[in-house]
Every structure is written in structure tokens, then in C-alpha cells.
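S.K.: Before I ask anything, let me first share the structure, which is written out below as C-alpha cells.
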Protein chains: 2
Amino acid sequence: MTTPAPPTDRRRERHLAKRATIVAEAWTLARRDGLAAISLRDLADRVGLRQPSLYAYFDSKLALYDAMFADGNRQLIETVSALPEHDDPHEALVDLVEELTRFSAADTVRHQLLFQRTIPGFEPSEQSYAVAREFYAIGQERLAAAGVGEPGDLDLFTAIVSGLTHQQVANDPGGDRWVRLSRQAVEMYLAQIERKSPAQQSN
Amino acid sequence: MTTPAPPTDRRRERHLAKRATIVAEAWTLARRDGLAAISLRDLADRVGLRQPSLYAYFDSKLALYDAMFADGNRQLIETVSALPEHDDPHEALVDLVEELTRFSAADTVRHQLLFQRTIPGFEPSEQSYAVAREFYAIGQERLAAAGVGEPGDLDLFTAIVSGLTHQQVANDPGGDRWVRLSRQAVEMYLAQIERKSPAQQSN
DNA sequence: GTCTATACATCGATAGAC
DNA sequence: GTCTATCGATGTATAGAC
């Protein structure tokens, strides 16, 4: 996909390290100029290379976006994995939603790449998409712990989360206007689930 | 902003008509290649002009995006204005949300330009933004009719609508997976409002 | 208003030497 | 792997004829 793997482990390690540096610098550039406005010449300069040399690490600009997509999703997994354990699955869900809204608010272009289809021609590769699915599975787990499993209920939940994050990013980039609504949104959602099919427990 | 208005009404009319044609063709191009991938040379070809002649209608590419932004918002206002009247403000709200989700699903790039900040450097002009505010006012009116007025409650509502539309566009572009959830989402929302501050009436 | 012609800077991408 | 050199295409803009 990107380039034939170098022969020795040493070389391979160096190669991957440099690749990571390039991706990190690409995020910086994207934050400054916009995601679609990343210039490969600028990027190369910032990592001590000439523009054509980038092609030793990425087959194309879209391949760079793909690496950023995978990277952003790994950050997402790391972030939600670091959340403290909770006995109460409802509270755990509130924590999750608040954290996701903060995560998006913290980096507009990251949110843009991960959750919006905005770069013409870009579609995540199978490998990168697998990382995204891994995150989705974590969310699904938390929902299941709160007693939510119906497909339609899951869709409603993703809509709520995506709505909070999107509004936060679009209308209050630095702030917490929609972060503060996370708890209420989760309570509203769980009440709706409960209303539809009352569970036996409610401790 | 764009070009000094032609002297006579006849000329002005022609000018505006051609401008509208260009904008319409720009939408077609955006749907085919992506919003950020519109080429002014392509666009000029499609309206029977040479590329420099486009500058008789738009000062820059960003000015073209601005015209598209205003155009899309006018379509939005037209769409929600065409909704049938309703005695029940709750039902009117359901209709509105369903229609908004359908509207977004019907044209991904239009949704992208209207509701996501995706084009580097683009920011709506004051005039274009006024059209967007006009639409927002309509929505606010409908909400007020349903007894919703608190700022936080409005924010929660915009999050729900933006979530439904975004998920519909991103994960089921041609379909109605989230359109079908609109009614449930509105009922969930109104129940939450009612729970917070029970109203005197409930007819 | 529209054209031809032209200019400039920038861009992603490739060829080929080392 | 990295370089130089170069390609074709792009957006932007202007001059000047008609």
C-alpha cells in the first residue's frame, strides 16, 4: 500500500518512526491551514526532506490522509480507554459522551477527517477502517452494559453523540457549550430507551 | 462584492440569470468531483464561457462558494416553508426534523457546504450569512410554538437535528435510516423538556 | 461582457541519477 | 532513500482587442 517494507528490522523501525514524524507534522500543518490545504512541499520542509522524498513514505497525498485517519482513530481509542472504570453503566456512558465531545472540540481538523467525508477522493483503506471499527466496538460495549442493544437504539445514540460533537466543533470550537449538555443528552436518551421497553432492573 | 451592477434592468436581469446558471452548474460539478475539487476551467466550459470570463460574475473562487452557500440556504428556507401547516406544534416539529434530514440526505455536498466548515479560507459573507440566520429563525419559531425557548434547550435541539442529518449523510447517503428515527428523536427531546420544567398545558 | 493571450505561483506526481 | 529536474494541471489575475 505504501512502500515495500525495508529488509532489516532496524531499517523498518527507522522507516516507521519517520513515517510517524511526518504524520504528526501533517496534523500541525492541517491545524494551521486546514485539512484540505496541506502542502506536500511545506510538509517535506518541516521534516527535513524534499517534496519528492515523501513518496518513499506515502504513495500519494491520499495515502497520507489515510495514515492520519488511522492515527486519529488510534488517539480516539487511547482516549476512551483511559477513562476511569465505573460501577454505574449510566455514569460510564455520560463519561464517554463527555469525553468524545471534548475530544472533537480539542482538534477540529481531526474531527473533520475522522467523522466527515470532506476530502475529495479520500476513502479509508481496509486497515485504517479496521481501527475505526475497533473504536466503534468499544462504544457498543458500553451501550450494551447500559442495556442498549437494538440497532435503531444504537443509531439514535450515534446521532446524539455526533450531533453534540459536531455542534461543539462548528459553533464553539474552543469552548464547552455542548460538552456541558452531554449529561443531559445521555439522560434524555436513556429515559427514551426505558420508556420504549422498561427493563426489570433499575438500581 | 461581486461586480458593479450593470446599468439597465434588462442587463442586470441577464447578469443575475447567468450567475444563477453558473451556480447551478457548480453544484453539479461539486456533486461529481467533490466540493473542494471544483475547477474553474471545467465550470467555465460547462456554461459556455472561458475561465477568465467567470470573473465578470465572481471575484474569486471563494465568492463562488459564497454564492452557493446563499443558494443552498435559500433552498433550505423554501423547503421548510413548503411544509404543510399543523395544529399540533409537536407534529409540526416532527415534520420539520424529518424534512431537514431528508434535505441533507438528498445532497451530500450541499450539506457539507451549509453545515460543515470544510473549505479552507471560506467564510460566508454577511449577506449570505443573513440567509442562514433567516432559516435558523424559522426553526426557532417552530420550537417556540412547542414551548421551547431556553438557550440550553435550543442547543440540545440543534445537536439532535445536526446529529440525525450528519449520520444520515455520512452512513446512509441514499437511504432513510436516520430519517426514520426523526419522530422518535423529537418525542425523546420533548419528553426531556417536559421532565425538566413541566408546563401547565399539554393538549 | 467576452474573448485571446499570457503571466505567475503552487500543486501533486514521476523519471532518473546517485 | 534522497536528490534534482521536470511535467501537467490548477487557481489567480491582468492586459488589451472587439
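Chain labels follow the order of the C-alpha cells: the first chain is A, the next B, and so on; residue numbering restarts at 1 in every chain, and ligands are counted from 1 in their shown order.
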At a cut-off of 9 Å, which residues of chain A touch chain D? Count only C-alpha atoms (C1' of nucleotides) and give the answer as an mmCIF file with C-alpha atoms, in the first residue's frame.
M.R.:
```cif
data_model
loop_
_atom_site.group_PDB
_atom_site.id
_atom_site.type_symbol
_atom_site.label_atom_id
_atom_site.label_comp_id
_atom_site.auth_asym_id
_atom_site.auth_seq_id
_atom_site.Cartn_x
_atom_site.Cartn_y
_atom_site.Cartn_z
ATOM 1 C CA LEU A 49 13.061 16.307 3.253
ATOM 2 C CA ARG A 50 12.433 17.421 -0.301
ATOM 3 C CA PRO A 52 9.502 14.031 -3.847
ATOM 4 C CA SER A 53 11.152 12.148 -0.969
ATOM 5 C CA ALA A 56 9.227 6.982 -0.115
#
```
S.K.: Which chain C residues are at most 10 Å from chain B (counting only C-alpha atoms (C1' of nucleotides)), as a compact mmCIF listing (two decimals) with C-alpha atoms (C1' of nucleotides), in the first residue's frame?
M.R.:
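That gives us selection25.txt:
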```
# COMPACT_ATOMS: atom_id res chain seq x y z
C1' DG C 1 -19.17 41.18 -21.35
C1' DT C 2 -16.49 38.19 -23.58
C1' DC C 3 -12.69 36.99 -25.79
C1' DT C 4 -7.38 35.67 -26.59
```
S.K.: Using only C-alpha atoms, I'd like every residue of chain B that has an atom within 6 Å of chain A; please write them out as a PDB file with N, CA, C and O atoms, in the first residue's frame.
M.R.:
```pdb
ATOM      1  N   GLY B  34     -16.631  16.434  -5.922  1.00  0.00           N
ATOM      2  CA  GLY B  34     -16.389  16.892  -4.558  1.00  0.00           C
ATOM      3  C   GLY B  34     -16.390  18.406  -4.508  1.00  0.00           C
ATOM      4  O   GLY B  34     -15.999  19.076  -5.467  1.00  0.00           O
ATOM      5  N   PRO B 120     -11.042  25.376   3.064  1.00  0.00           N
ATOM      6  CA  PRO B 120     -10.052  26.256   3.694  1.00  0.00           C
ATOM      7  C   PRO B 120     -10.207  27.700   3.223  1.00  0.00           C
ATOM      8  O   PRO B 120     -10.234  27.958   2.023  1.00  0.00           O
ATOM      9  N   ALA B 159     -28.339  20.095  18.329  1.00  0.00           N
ATOM     10  CA  ALA B 159     -27.444  18.932  18.353  1.00  0.00           C
ATOM     11  C   ALA B 159     -28.155  17.702  17.808  1.00  0.00           C
ATOM     12  O   ALA B 159     -27.576  16.933  17.017  1.00  0.00           O
ATOM     13  N   ILE B 160     -29.396  17.513  18.205  1.00  0.00           N
ATOM     14  CA  ILE B 160     -30.142  16.335  17.748  1.00  0.00           C
ATOM     15  C   ILE B 160     -30.348  16.377  16.242  1.00  0.00           C
ATOM     16  O   ILE B 160     -30.104  15.398  15.529  1.00  0.00           O
ATOM     17  N   SER B 162     -28.671  18.130  13.987  1.00  0.00           N
ATOM     18  CA  SER B 162     -27.401  18.035  13.267  1.00  0.00           C
ATOM     19  C   SER B 162     -26.859  16.611  13.336  1.00  0.00           C
ATOM     20  O   SER B 162     -26.230  16.132  12.391  1.00  0.00           O
ATOM     21  N   GLY B 163     -27.136  15.911  14.433  1.00  0.00           N
ATOM     22  CA  GLY B 163     -26.704  14.521  14.549  1.00  0.00           C
ATOM     23  C   GLY B 163     -27.437  13.609  13.580  1.00  0.00           C
ATOM     24  O   GLY B 163     -26.828  12.785  12.902  1.00  0.00           O
ATOM     25  N   LEU B 164     -28.745  13.760  13.508  1.00  0.00           N
ATOM     26  CA  LEU B 164     -29.530  12.938  12.584  1.00  0.00           C
ATOM     27  C   LEU B 164     -29.088  13.177  11.144  1.00  0.00           C
ATOM     28  O   LEU B 164     -28.846  12.235  10.381  1.00  0.00           O
ATOM     29  N   GLN B 167     -25.419  11.832  10.477  1.00  0.00           N
ATOM     30  CA  GLN B 167     -25.334  10.377  10.384  1.00  0.00           C
ATOM     31  C   GLN B 167     -25.984   9.878   9.097  1.00  0.00           C
ATOM     32  O   GLN B 167     -25.467   8.964   8.449  1.00  0.00           O
ATOM     33  N   MET B 188     -38.453  12.018  22.109  1.00  0.00           N
ATOM     34  CA  MET B 188     -37.458  11.912  23.176  1.00  0.00           C
ATOM     35  C   MET B 188     -37.077  13.300  23.695  1.00  0.00           C
ATOM     36  O   MET B 188     -37.022  13.535  24.906  1.00  0.00           O
ATOM     37  N   GLN B 192     -37.961  15.154  27.386  1.00  0.00           N
ATOM     38  CA  GLN B 192     -36.895  15.660  28.252  1.00  0.00           C
ATOM     39  C   GLN B 192     -37.194  17.086  28.700  1.00  0.00           C
ATOM     40  O   GLN B 192     -37.032  17.435  29.873  1.00  0.00           O
TER      41      GLN B 192
END
```
S.K.: Can you list every residue in region 8-135 of chain A that DSSP puts in helix (DSSP H, G or I), as a PyMOL selection string?
M.R.: chain A and resi 9-33+35-37+40-46+51-56+61-81+89-106+108-115+126-135
S.K.: Tell me, in Å to one decimal, how far CA of Val80 (chain B) is from CA of Leu143 (chain B).
M.R.: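 Between CA of Val80 (chain B) and CA of Leu143 (chain B) the gap works out to 13.6 Å.
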S.K.: So the first atom is C1' of DA15 (chain C) and the second is CA of Asp42 (chain A); what is the distance between them in Å, to one decimal place?
M.R.: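 These atoms are spaced 22.4 Å apart.
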